[in-house]
file input_30.cif (mmCIF, C-alpha atoms and all ligand atoms)
data_work
#
loop_
_atom_site.label_atom_id
_atom_site.label_comp_id
_atom_site.auth_asym_id
_atom_site.auth_seq_id
_atom_site.Cartn_x
_atom_site.Cartn_y
_atom_site.Cartn_z
CA LYS J 1 -146.06 6.52 64.96
CA LYS J 2 -143.64 8.00 62.45
CA PRO J 3 -143.34 11.82 62.39
CA ALA J 4 -144.97 13.37 59.34
CA LYS J 5 -142.43 13.57 56.52
CA LYS J 6 -141.60 17.11 55.38
CA LYS J 7 -143.09 17.86 52.00
CA VAL J 8 -140.59 18.37 49.19
CA ARG J 9 -141.22 21.80 47.71
CA VAL J 10 -139.93 22.55 44.24
CA TYR J 11 -139.67 25.86 42.41
CA MET J 12 -139.87 26.52 38.69
CA ASP J 13 -139.65 30.01 37.25
CA GLY J 14 -140.27 31.41 33.82
CA CYS J 15 -142.15 33.84 31.63
CA PHE J 16 -145.01 31.52 30.58
CA ASP J 17 -145.96 33.98 27.86
CA MET J 18 -148.95 32.74 25.78
CA MET J 19 -149.03 29.62 27.98
CA HIS J 20 -148.79 26.47 25.81
CA TYR J 21 -148.59 22.69 26.33
CA GLY J 22 -144.75 22.85 26.41
CA HIS J 23 -145.01 25.04 29.52
CA ALA J 24 -147.69 22.74 30.98
CA ASN J 25 -145.49 19.69 30.39
CA ALA J 26 -142.56 21.41 32.13
CA LEU J 27 -144.80 22.18 35.13
CA ARG J 28 -146.11 18.59 35.18
CA GLN J 29 -142.57 17.18 35.23
CA ALA J 30 -141.44 19.71 37.85
CA ARG J 31 -144.34 18.76 40.12
CA SER J 32 -143.38 15.07 39.83
CA LEU J 33 -139.96 15.88 41.38
CA GLY J 34 -141.61 16.96 44.64
CA ASP J 35 -144.88 17.20 46.58
CA GLU J 36 -145.65 20.89 46.06
CA LEU J 37 -144.84 23.10 43.10
CA VAL J 38 -144.26 26.83 43.52
CA VAL J 39 -144.02 28.81 40.28
CA GLY J 40 -142.17 32.12 40.01
CA LEU J 41 -143.53 34.39 37.30
CA VAL J 42 -140.91 36.76 35.87
CA SER J 43 -142.07 40.39 35.88
CA ASP J 44 -143.08 42.10 32.62
CA GLU J 45 -140.19 44.58 33.10
CA GLU J 46 -137.57 41.83 33.38
CA ILE J 47 -138.98 39.97 30.37
CA ILE J 48 -138.70 43.19 28.33
CA LEU J 49 -135.05 43.57 29.39
CA ASN J 50 -134.10 39.93 28.72
CA LYS J 51 -136.28 38.75 25.83
CA GLY J 52 -138.40 41.61 24.50
CA PRO J 53 -142.01 42.50 25.32
CA PRO J 54 -144.32 39.65 26.41
CA VAL J 55 -147.61 39.25 24.50
CA THR J 56 -149.50 38.36 27.67
CA LYS J 57 -148.97 40.61 30.69
CA MET J 58 -148.51 39.51 34.31
CA ASP J 59 -152.22 39.42 35.23
CA GLU J 60 -153.00 37.13 32.27
CA ARG J 61 -149.93 34.94 32.75
CA LYS J 62 -150.90 34.53 36.41
CA VAL J 63 -154.44 33.37 35.54
CA MET J 64 -153.06 30.78 33.10
CA VAL J 65 -150.38 29.38 35.42
CA GLU J 66 -152.71 29.25 38.44
CA ALA J 67 -155.24 27.32 36.35
CA THR J 68 -152.67 24.63 35.53
CA LYS J 69 -153.29 21.25 37.22
CA TRP J 70 -149.82 20.79 38.70
CA VAL J 71 -149.31 24.25 40.24
CA ASP J 72 -149.77 24.75 43.99
CA GLU J 73 -148.55 28.33 44.52
CA VAL J 74 -147.52 31.29 42.39
CA ILE J 75 -144.99 34.01 43.24
CA VAL J 76 -145.41 37.11 41.06
CA ASP J 77 -142.59 39.39 39.87
CA ALA J 78 -139.87 36.76 40.30
CA PRO J 79 -136.42 37.78 39.04
CA TYR J 80 -135.19 36.46 35.67
CA ALA J 81 -131.84 35.38 37.13
CA ILE J 82 -131.69 33.48 40.40
CA THR J 83 -129.29 35.53 42.47
CA GLU J 84 -127.66 34.15 45.63
CA GLU J 85 -129.95 36.47 47.62
CA PHE J 86 -133.18 35.36 45.94
CA MET J 87 -132.13 31.70 46.23
CA GLN J 88 -131.67 32.08 50.00
CA LYS J 89 -135.11 33.74 50.18
CA LEU J 90 -136.61 30.73 48.37
CA PHE J 91 -135.00 28.35 50.87
CA THR J 92 -135.85 30.25 54.05
CA GLU J 93 -139.11 32.11 53.31
CA TYR J 94 -140.72 29.69 50.86
CA GLY J 95 -139.22 26.41 52.15
CA ILE J 96 -138.02 25.44 48.67
CA ASP J 97 -135.84 22.32 48.33
CA TYR J 98 -135.08 22.29 44.60
CA ILE J 99 -135.09 24.77 41.73
CA ILE J 100 -136.07 23.35 38.36
CA HIS J 101 -135.76 24.38 34.71
CA GLY J 102 -136.02 22.74 31.30
CA ASP J 103 -132.86 21.26 29.75
CA ASP J 104 -132.46 24.21 27.35
CA PRO J 105 -129.64 26.66 28.12
CA CYS J 106 -130.97 29.69 30.01
CA LEU J 107 -128.48 32.48 29.50
CA LEU J 108 -128.43 36.04 30.75
CA PRO J 109 -127.70 38.85 28.26
CA ASP J 110 -124.01 38.69 29.33
CA GLY J 111 -123.84 35.00 28.34
CA THR J 112 -123.70 33.55 31.86
CA ASP J 113 -126.02 30.79 33.15
CA ALA J 114 -129.11 32.15 34.97
CA TYR J 115 -128.98 29.13 37.33
CA ALA J 116 -125.22 29.18 38.16
CA ALA J 117 -125.77 29.90 41.88
CA VAL J 118 -128.38 27.13 42.14
CA ARG J 119 -126.13 24.56 40.44
CA LYS J 120 -123.27 25.53 42.76
CA ALA J 121 -125.51 25.02 45.79
CA GLY J 122 -126.48 21.54 44.50
CA ARG J 123 -130.18 22.45 44.38
CA PHE J 124 -130.69 22.41 40.61
CA LYS J 125 -132.83 19.82 38.83
CA GLN J 126 -133.70 19.60 35.17
CA VAL J 127 -136.74 18.42 33.20
CA LYS J 128 -136.98 17.60 29.50
CA ARG J 129 -137.99 20.47 27.28
CA THR J 130 -140.92 19.70 24.94
CA GLU J 131 -139.82 19.72 21.31
CA GLY J 132 -141.72 21.56 18.62
CA VAL J 133 -143.53 24.24 20.58
CA SER J 134 -142.43 27.70 21.70
CA SER J 135 -143.88 31.17 22.11
CA THR J 136 -141.63 32.30 19.24
CA ASP J 137 -143.26 29.72 16.92
CA ILE J 138 -146.72 30.85 18.04
CA VAL J 139 -145.80 34.44 17.15
CA GLY J 140 -144.58 33.26 13.72
CA THR J 141 -147.71 31.22 13.03
CA ALA J 142 -149.99 34.02 14.20
CA HIS J 143 -148.69 36.10 11.29
CA ARG J 144 -150.41 33.76 8.86
CA GLY J 145 -153.68 35.36 9.83
CA PRO J 146 -156.74 34.57 11.89
CA HIS J 147 -158.33 31.94 9.64
CA HIS J 148 -155.88 29.13 10.41
CA PRO J 149 -155.79 27.55 13.84
CA ILE J 150 -152.40 28.25 15.45
CA MET J 151 -152.41 24.82 17.11
CA ASN J 152 -153.76 21.52 15.77
CA VAL J 153 -156.47 19.53 17.54
CA HIS J 154 -154.02 17.38 19.52
CA GLU J 155 -152.02 20.39 20.71
CA ARG J 156 -155.25 22.12 21.69
CA SER J 157 -156.41 18.99 23.52
CA LEU J 158 -153.19 19.02 25.59
CA SER J 159 -153.76 22.69 26.38
CA VAL J 160 -157.27 22.24 27.75
CA LEU J 161 -156.35 19.00 29.54
CA SER J 162 -153.67 20.85 31.52
CA CYS J 163 -156.39 23.13 32.93
CA ARG J 164 -157.34 22.12 36.49
CA TYR J 165 -161.06 22.73 35.84
CA VAL J 166 -161.23 20.26 32.94
CA ASP J 167 -162.13 16.61 33.60
CA GLU J 168 -162.41 15.17 30.11
CA VAL J 169 -161.89 16.28 26.52
CA ILE J 170 -163.83 15.14 23.45
CA ILE J 171 -161.20 15.36 20.71
CA GLY J 172 -162.81 16.61 17.50
CA ALA J 173 -166.14 17.67 19.01
CA PRO J 174 -168.72 18.78 16.40
CA TRP J 175 -169.07 22.53 15.72
CA GLU J 176 -172.76 22.33 16.58
CA VAL J 177 -173.66 20.86 19.95
CA THR J 178 -175.91 18.00 18.87
CA LYS J 179 -178.59 16.02 20.71
CA ASP J 180 -176.48 12.91 20.13
CA LEU J 181 -173.46 14.50 21.84
CA ILE J 182 -175.53 15.62 24.83
CA THR J 183 -177.03 12.18 25.39
CA THR J 184 -173.91 10.09 24.57
CA PHE J 185 -171.73 12.02 27.03
CA ASN J 186 -174.49 12.42 29.61
CA ILE J 187 -174.25 16.25 29.64
CA SER J 188 -176.53 18.09 32.08
CA LEU J 189 -175.63 21.65 31.15
CA VAL J 190 -173.96 23.30 28.16
CA VAL J 191 -172.11 26.50 29.05
CA ARG J 192 -170.79 29.26 26.84
CA GLY J 193 -169.24 32.67 27.50
CA THR J 194 -170.42 36.06 26.24
CA VAL J 195 -167.14 36.72 24.38
CA ALA J 196 -166.33 34.50 21.41
CA GLU J 197 -163.99 34.58 18.44
CA THR J 198 -166.74 34.32 15.84
CA CYS J 199 -170.25 35.57 16.28
CA SER J 200 -171.02 35.21 12.59
CA PHE J 201 -174.05 32.97 13.30
CA VAL J 202 -176.01 36.10 14.27
CA ASN J 203 -175.85 37.03 10.55
CA GLY J 204 -177.91 34.05 9.50
CA GLU J 205 -175.29 31.32 9.87
CA ILE J 206 -175.73 28.24 12.02
CA ASP J 207 -175.96 28.90 15.76
CA PRO J 208 -174.00 26.00 17.31
CA TYR J 209 -176.09 26.21 20.49
CA THR J 210 -179.62 25.89 19.04
CA VAL J 211 -180.14 22.34 20.32
CA PRO J 212 -179.12 22.91 23.97
CA ARG J 213 -181.10 26.20 24.01
CA ASP J 214 -184.24 24.43 22.78
CA MET J 215 -183.68 21.65 25.32
CA GLY J 216 -183.40 24.28 28.12
CA VAL J 217 -179.86 23.17 29.08
CA LEU J 218 -177.86 26.17 27.83
CA GLU J 219 -176.32 28.59 30.29
CA VAL J 220 -174.47 31.75 29.24
CA ILE J 221 -171.85 33.04 31.66
CA GLU J 222 -170.32 36.53 31.55
CA SER J 223 -166.79 36.19 30.12
CA PRO J 224 -164.34 37.70 32.62
CA ARG J 225 -162.06 39.09 29.88
CA ASP J 226 -162.45 39.99 26.22
CA ILE J 227 -159.23 38.23 25.13
CA THR J 228 -159.53 36.02 22.02
CA THR J 229 -157.11 34.57 19.46
CA SER J 230 -157.67 37.69 17.31
CA THR J 231 -156.73 40.09 20.10
CA ILE J 232 -153.55 38.04 20.73
CA ILE J 233 -152.68 38.27 17.02
CA LYS J 234 -153.29 42.05 17.07
CA ARG J 235 -150.92 42.44 20.02
CA ILE J 236 -148.23 40.38 18.26
CA VAL J 237 -148.51 42.56 15.15
CA LEU J 238 -148.37 45.77 17.24
CA ASN J 239 -145.30 44.47 19.15
CA HIS J 240 -143.57 43.81 15.81
CA GLU J 241 -144.28 47.31 14.58
CA ALA J 242 -142.97 48.84 17.80
CA TYR J 243 -139.70 46.82 18.10
N1 LIG B 301 -140.37 24.87 28.49
C1 LIG B 301 -140.40 23.55 28.07
N2 LIG B 301 -140.76 23.24 26.78
C2 LIG B 301 -141.07 24.23 25.90
C3 LIG B 301 -141.05 25.59 26.32
C4 LIG B 301 -140.70 25.87 27.63
O1 LIG B 301 -140.10 22.63 28.84
N3 LIG B 301 -141.38 23.90 24.66
C5 LIG B 301 -139.98 25.17 29.88
C6 LIG B 301 -138.69 25.98 30.02
O2 LIG B 301 -137.54 25.15 29.95
C7 LIG B 301 -138.85 26.61 31.37
C8 LIG B 301 -140.37 26.81 31.50
O3 LIG B 301 -140.96 25.99 30.47
O4 LIG B 301 -138.42 25.74 32.42
C9 LIG B 301 -140.77 28.25 31.32
O5 LIG B 301 -140.27 28.71 30.07
P1 LIG B 301 -140.28 30.24 29.69
O6 LIG B 301 -139.50 31.02 30.67
O7 LIG B 301 -141.66 30.69 29.47
O8 LIG B 301 -139.45 30.41 28.36
P2 LIG B 301 -139.08 29.64 27.07
O9 LIG B 301 -138.24 28.46 27.36
O10 LIG B 301 -138.44 30.68 26.20
O11 LIG B 301 -140.44 29.21 26.42
P3 LIG B 301 -140.93 29.74 24.99
O12 LIG B 301 -139.80 29.43 24.03
O13 LIG B 301 -142.16 29.03 24.64
O14 LIG B 301 -141.14 31.22 25.15
#
call {"tool": "encode", "arguments": {"input": "input_30.cif", "output": "C-alpha cells"}}
result
Amino acid sequence: KKPAKKKVRVYMDGCFDMMHYGHANALRQARSLGDELVVGLVSDEEIILNKGPPVTKMDERKVMVEATKWVDEVIVDAPYAITEEFMQKLFTEYGIDYIIHGDDPCLLPDGTDAYAAVRKAGRFKQVKRTEGVSSTDIVGTAHRGPHHPIMNVHERSLSVLSCRYVDEVIIGAPWEVTKDLITTFNISLVVRGTVAETCSFVNGEIDPYTVPRDMGVLEVIESPRDITTSTIIKRIVLNHEAY
C-alpha cells in the first residue's frame, strides 16, 4: 500500500475588499494549483497604509472569503508584503507549499515587488487576473447612485455561484416569486431575510412573496447584518469626503 501523498497547500493573500467575481476567480484558480487553499486577509490597518481605507472591514471580508467555494482556511491580519520571516512561518506553521497571486504587478509603496522573497525562494505561482472588474471600478460605479445595479445579471450570477451555500442559479429570475417558478424548479421552501434593499411594497406596491406566503412555503430568517448595497454606497461616499 502506497503511503498517503502529502496534500499540496497553497496560499493566496489579498484585501478582498467588496468581494467580487474577479476575487472569486483568483481563488478558484489558486485552489486548482493545490489540494487545500489557505487565504491570508490583509489587516484593515495595512490596507489603509498601502491602498487607502477599505470599504468592507475585516469581519465582513472574512465572512465573504470564508463563504467562497474554493477556500479551505482563512488567516486574518496577514501582512501586505510577504517578508522572509512571514514566508518561513507559512512554510513551517501552516505547511504551505506555494504562494499565489494574480499576474498584475503588486508593488509596495517604495516600488519594490511584494512577492520578491517568495520568487527568490522558488515558491511563487501566478494565476490570470480577471479583466474588467476591480474594487476601484465598483467605487466609481457606486457614485452613479442607488437606482442602477452596480453589476449586470451575469456578473451577479458569478458572484452568487462562487458562494459555497449556493447549488444552482436561475439567471433572470422574476421579481415576484410565482407559482410557475415554484413548481418548475421543484422548490419546497422560499426564504427571505428581514433586511432588504427595498421595502417599498409595504407602501402598496407588489409584495414579491405573496404567492409563497399564501402557499405556506415562505420562511423569514433574521438577517445577521444590516448591510445592503445602499449602506456600501454610503460608506464609499463618506470615505471620499474623508480622504
Ligand atoms: N484579482 C484578480 N482579478 C481581479 C481582481 C483581483 O485575479 N479582477 C486577484 C489579485 O491578483 C489578487 C487577489 O485577487 O491575487 C486579491 O486581490 P486584492 O488584494 O483584493 O486586490 P486588487 O488586485 O487590488 O483587487 P481590486 O482591484 O478589485 O481591489
call {"tool": "closest_residue", "arguments": {"input": "input_30.cif", "among": "J:Val8, J:Val65, J:Cys15, J:Val127", "to": "ligand LIG 301 (chain B)", "atoms": "all atoms listed in the file"}}
result
J:Cys15
call {"tool": "atom_distance", "arguments": {"input": "input_30.cif", "atom1": "atom O3 of ligand LIG 301 (chain B)", "atom2": "atom CA of Gly193 of chain J"}}
result
29.2 Å
call {"tool": "atom_distance", "arguments": {"input": "input_30.cif", "atom1": "atom CA of Gly132 of chain J", "atom2": "atom N3 of ligand LIG 301 (chain B)"}}
result
6.5 Å
call {"tool": "closest_residue", "arguments": {"input": "input_30.cif", "among": "J:Arg9, J:Tyr115, J:Ser134, J:Ser159", "to": "Glu93 of chain J", "atoms": "all atoms listed in the file"}}
result
J:Arg9
call {"tool": "residues_around", "arguments": {"input": "input_30.cif", "residues": "segment 76-90 of chain J", "least_positions_apart": "4", "cutoff": "6 Å", "atoms": "all atoms listed in the file", "output": "PyMOL selection string"}}
result
chain J and resi 40-43+94+96+114-115+117
call {"tool": "write_last_selection", "arguments": {"input": "input_30.cif", "atoms": "C-alpha atoms", "output": "PDB file, in the coordinates of the input"}}
result
ATOM      1  CA  GLY J  40    -142.170  32.120  40.010  1.00  0.00           C
ATOM      2  CA  LEU J  41    -143.530  34.390  37.300  1.00  0.00           C
ATOM      3  CA  VAL J  42    -140.910  36.760  35.870  1.00  0.00           C
ATOM      4  CA  SER J  43    -142.070  40.390  35.880  1.00  0.00           C
ATOM      5  CA  TYR J  94    -140.720  29.690  50.860  1.00  0.00           C
ATOM      6  CA  ILE J  96    -138.020  25.440  48.670  1.00  0.00           C
ATOM      7  CA  ALA J 114    -129.110  32.150  34.970  1.00  0.00           C
ATOM      8  CA  TYR J 115    -128.980  29.130  37.330  1.00  0.00           C
ATOM      9  CA  ALA J 117    -125.770  29.900  41.880  1.00  0.00           C
TER      10      ALA J 117
END
call {"tool": "closest_atom_pairs", "arguments": {"input": "input_30.cif", "of": "chain J", "to": "ligand LIG 301 (chain B)", "cutoff": "9 Å", "atoms": "only C-alpha atoms and all ligand atoms", "output": "tab-separated table"}}
result
residue	atom	partner	partner_atom	distance
J:Met12	CA	B:LIG301	O4	6.5
J:Asp13	CA	B:LIG301	C9	6.3
J:Gly14	CA	B:LIG301	O6	3.3
J:Cys15	CA	B:LIG301	O7	3.9
J:Phe16	CA	B:LIG301	O7	3.6
J:Asp17	CA	B:LIG301	O7	5.6
J:Met18	CA	B:LIG301	O13	7.8
J:Met19	CA	B:LIG301	O7	7.6
J:His20	CA	B:LIG301	O13	7.2
J:Tyr21	CA	B:LIG301	N3	7.5
J:Gly22	CA	B:LIG301	N3	3.9
J:His23	CA	B:LIG301	O3	4.3
J:Ala24	CA	B:LIG301	O3	7.5
J:Asn25	CA	B:LIG301	O1	6.3
J:Ala26	CA	B:LIG301	O1	4.3
J:Leu27	CA	B:LIG301	O3	7.1
J:Gln29	CA	B:LIG301	O1	8.8
J:Ala30	CA	B:LIG301	O4	8.7
J:Leu41	CA	B:LIG301	O6	8.5
J:Val42	CA	B:LIG301	O6	7.9
J:Ile47	CA	B:LIG301	O6	9.0
J:Lys51	CA	B:LIG301	O10	8.4
J:Tyr80	CA	B:LIG301	O6	8.6
J:Ile100	CA	B:LIG301	O4	6.8
J:His101	CA	B:LIG301	O4	3.8
J:Gly102	CA	B:LIG301	O2	3.2
J:Asp103	CA	B:LIG301	O2	6.1
J:Asp104	CA	B:LIG301	O2	5.8
J:Pro105	CA	B:LIG301	O2	8.2
J:Cys106	CA	B:LIG301	O9	7.8
J:Gln126	CA	B:LIG301	O4	8.2
J:Val127	CA	B:LIG301	O1	6.9
J:Lys128	CA	B:LIG301	O1	6.0
J:Arg129	CA	B:LIG301	O1	3.4
J:Thr130	CA	B:LIG301	N2	4.0
J:Glu131	CA	B:LIG301	N3	5.6
J:Gly132	CA	B:LIG301	N3	6.5
J:Val133	CA	B:LIG301	N3	4.6
J:Ser134	CA	B:LIG301	O13	3.2
J:Ser135	CA	B:LIG301	O13	3.7
J:Thr136	CA	B:LIG301	O12	5.9
J:Asp137	CA	B:LIG301	O13	7.8
J:Ile138	CA	B:LIG301	O13	8.2
call {"tool": "axis_aligned_box", "arguments": {"input": "input_30.cif", "around": "segment 13-21 of chain J", "padding_each_side": "4 Å", "output": "lines of an AutoDock Vina configuration file"}}
result
center_x = -144.3
center_y = 28.3
center_z = 31.5
size_x = 17.4
size_y = 19.3
size_z = 19.5
call {"tool": "atom_distance", "arguments": {"input": "input_30.cif", "atom1": "atom CA of Pro212 of chain J", "atom2": "atom CA of Ala67 of chain J"}}
result
27.3 Å
call {"tool": "closest_residue", "arguments": {"input": "input_30.cif", "among": "J:Leu181, J:Ile232, J:Ser188, J:Asn239", "to": "Val217 of chain J", "atoms": "all atoms listed in the file"}}
result
J:Ser188
call {"tool": "residues_around", "arguments": {"input": "input_30.cif", "residues": "segment 220-227 of chain J", "least_positions_apart": "6", "cutoff": "8 Å", "atoms": "all atoms listed in the file", "output": "ChimeraX atom specification"}}
result
/J:191-195
call {"tool": "closest_residue", "arguments": {"input": "input_30.cif", "among": "J:Glu168, J:Asp35, J:Asp180, J:Glu197", "to": "Thr231 of chain J", "atoms": "all atoms listed in the file"}}
result
J:Glu197
call {"tool": "residues_around", "arguments": {"input": "input_30.cif", "residues": "Lys7 of chain J", "least_positions_apart": "2", "cutoff": "10 Å", "atoms": "only C-alpha atoms", "output": "PyMOL selection string"}}
result
chain J and resi 4-5+9-10+34-36+95-97
call {"tool": "residues_around", "arguments": {"input": "input_30.cif", "residues": "Gly172 of chain J", "least_positions_apart": "6", "cutoff": "10 Å", "atoms": "only C-alpha atoms", "output": "compact mmCIF listing (two decimals) with C-alpha atoms, in the frame of the given file"}}
result
# COMPACT_ATOMS: atom_id res chain seq x y z
CA VAL J 153 -156.47 19.53 17.54
CA HIS J 154 -154.02 17.38 19.52
CA SER J 157 -156.41 18.99 23.52
call {"tool": "residues_around", "arguments": {"input": "input_30.cif", "residues": "Ala142 of chain J", "least_positions_apart": "4", "cutoff": "8 Å", "atoms": "all atoms listed in the file", "output": "PyMOL selection string"}}
result
chain J and resi 138+146+150+233+236
call {"tool": "closest_residue", "arguments": {"input": "input_30.cif", "among": "J:Thr112, J:Thr92, J:Thr68, J:Thr184", "to": "Arg31 of chain J", "atoms": "only C-alpha atoms"}}
result
J:Thr68
call {"tool": "closest_residue", "arguments": {"input": "input_30.cif", "among": "J:Val55, J:Val63, J:Met151, J:Ile171", "to": "Lys234 of chain J", "atoms": "only C-alpha atoms"}}
result
J:Val55
call {"tool": "decode", "arguments": {"input": "input_30.cif", "residues": "segment 10-73 of chain J", "atoms": "C-alpha atoms", "output": "CSV table (one decimal), in the first residue's frame"}}
result
chain,number,residue,atom,x,y,z
J,10,VAL,CA,-1.3,26.8,-1.4
J,11,TYR,CA,-1.6,30.3,0.0
J,12,MET,CA,-3.2,33.4,-1.6
J,13,ASP,CA,-3.3,36.7,0.2
J,14,GLY,CA,-5.1,40.0,-0.5
J,15,CYS,CA,-7.5,42.6,0.6
J,16,PHE,CA,-10.7,41.1,-0.9
J,17,ASP,CA,-12.5,44.4,-0.3
J,18,MET,CA,-16.1,44.4,-1.6
J,19,MET,CA,-15.5,40.8,-2.7
J,20,HIS,CA,-16.4,40.4,-6.4
J,21,TYR,CA,-16.2,37.6,-9.1
J,22,GLY,CA,-12.6,38.7,-10.0
J,23,HIS,CA,-11.5,37.7,-6.5
J,24,ALA,CA,-13.6,34.5,-6.6
J,25,ASN,CA,-12.0,33.6,-9.9
J,26,ALA,CA,-8.5,34.2,-8.5
J,27,LEU,CA,-9.4,31.9,-5.5
J,28,ARG,CA,-10.8,29.2,-7.9
J,29,GLN,CA,-7.6,29.2,-9.9
J,30,ALA,CA,-5.4,29.2,-6.8
J,31,ARG,CA,-7.2,26.2,-5.4
J,32,SER,CA,-6.7,24.3,-8.7
J,33,LEU,CA,-2.9,24.6,-8.2
J,34,GLY,CA,-3.1,22.5,-5.0
J,35,ASP,CA,-5.3,20.4,-2.7
J,36,GLU,CA,-6.0,23.0,0.0
J,37,LEU,CA,-6.3,26.7,-0.2
J,38,VAL,CA,-5.3,29.0,2.7
J,39,VAL,CA,-6.3,32.6,2.3
J,40,GLY,CA,-4.4,35.4,4.1
J,41,LEU,CA,-6.6,38.5,4.7
J,42,VAL,CA,-4.6,41.7,4.9
J,43,SER,CA,-5.4,43.7,8.1
J,44,ASP,CA,-7.5,46.9,7.8
J,45,GLU,CA,-4.5,48.9,9.1
J,46,GLU,CA,-2.2,47.7,6.4
J,47,ILE,CA,-4.7,48.3,3.7
J,48,ILE,CA,-5.1,51.9,4.9
J,49,LEU,CA,-1.3,52.3,4.7
J,50,ASN,CA,-0.9,50.7,1.3
J,51,LYS,CA,-4.1,51.5,-0.7
J,52,GLY,CA,-6.4,53.7,1.4
J,53,PRO,CA,-9.3,52.7,3.6
J,54,PRO,CA,-11.2,49.5,2.7
J,55,VAL,CA,-15.0,49.8,2.3
J,56,THR,CA,-15.6,46.5,4.0
J,57,LYS,CA,-13.8,45.9,7.3
J,58,MET,CA,-12.0,42.7,8.4
J,59,ASP,CA,-15.1,41.0,9.9
J,60,GLU,CA,-17.1,41.4,6.7
J,61,ARG,CA,-14.2,40.5,4.4
J,62,LYS,CA,-13.7,37.3,6.4
J,63,VAL,CA,-17.4,36.3,6.1
J,64,MET,CA,-17.2,36.8,2.3
J,65,VAL,CA,-13.9,34.9,1.8
J,66,GLU,CA,-14.9,32.0,4.1
J,67,ALA,CA,-18.2,31.6,2.2
J,68,THR,CA,-16.3,31.2,-1.1
J,69,LYS,CA,-16.4,27.6,-2.6
J,70,TRP,CA,-12.7,27.1,-3.1
J,71,VAL,CA,-11.4,28.4,0.3
J,72,ASP,CA,-10.4,25.9,3.0
J,73,GLU,CA,-8.8,28.1,5.7
